[in-house]
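Asker: One structure, as structure tokens, below. Some questions next.
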Amino acid sequence: MTDPAAKTLVPILRISFPDEDRLGRGKMELLEHISATGSISAAGRAMDMSYRRAWLLVSEMNRMFCEQVVESQRGGQKGGGAALTPFGEQLLARFRRMESILKASLAEDLAWLEAKRNPRQDGQG
């Protein structure tokens, strides 16, 4: 059975930086998983992503800003780990807040689009 909410219109926030870097929901989801698991590799696995891809995305985010987003620790007796920095926690919270503002500010227009769309076109782009 399909979730009816999955068939509603959803605005997607993506911030494009002048140097072609982008910040969007995928990177934010990765940060949420890192926060929850304390691990870049576990966060990547939770998203069906290789460790290398997850590490590259973290590295990209760390490069994008003046402050580190994620701090990682190498191996050792208990193995490595990763955590969001205070800046990373703020970044995630602010991005999620921007998404909420976007959704709320577009609610009336999204409802109009929803009322006007052809329901037979679901999933057919």
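Letters A, B, ... go to the chains of the structure tokens in the order shown; residues in each chain start at 1; ligands are counted from 1 in the same order.
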Would you pick out the contacts of Asn62 in chain A at 12 Å or less, using only C-alpha atoms, so that residues sharing its chain but fewer than 2 positions from it are not included, and give the list as number ranges by chain?
Answerer: A: 21, 23, 27, 31, 55-60, 64-72, 84-85, 87-88, 91
Asker: Report, in Å with one decimal, the straight-line distance from CA of Gly81 in chain A to CA of Ala93 in chain A.
Answerer: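 According to the coordinates, CA of Gly81 in chain A and CA of Ala93 in chain A are separated by 21.5 Å.
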Asker: Just list the residues in range 15-99 of chain A DSSP gives helix (DSSP H, G or I) on the backbone, as a count of residues only.
Answerer: 48
Asker: Leaving out Met49 in chain A and any residue of its chain fewer than 3 positions from it, which residues lie within 12 Å of it when counting only C-alpha atoms, given as an NGL selection string?
Answerer: :A and (26-27 or 29-30 or 33 or 40-46 or 52-57)
Asker: May I ask for the distance between CA of Gln90 in chain A and CA of Glu20 in chain A, given in Å to one decimal place?
Answerer: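 We find that CA of Gln90 in chain A and CA of Glu20 in chain A lie 22.3 Å from each other.
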Asker: Which parts of range 57-107 of chain A does DSSP call strand (DSSP E or B) when run on the backbone here, written out as a PyMOL selection string?
Answerer: chain A and resi 70-73+81-84
Asker: Suppose you want the space between CA of Arg96 in chain A and CA of Val10 in chain A; what is it in Å?
Answerer: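 A separation of 14.0 Å between them.
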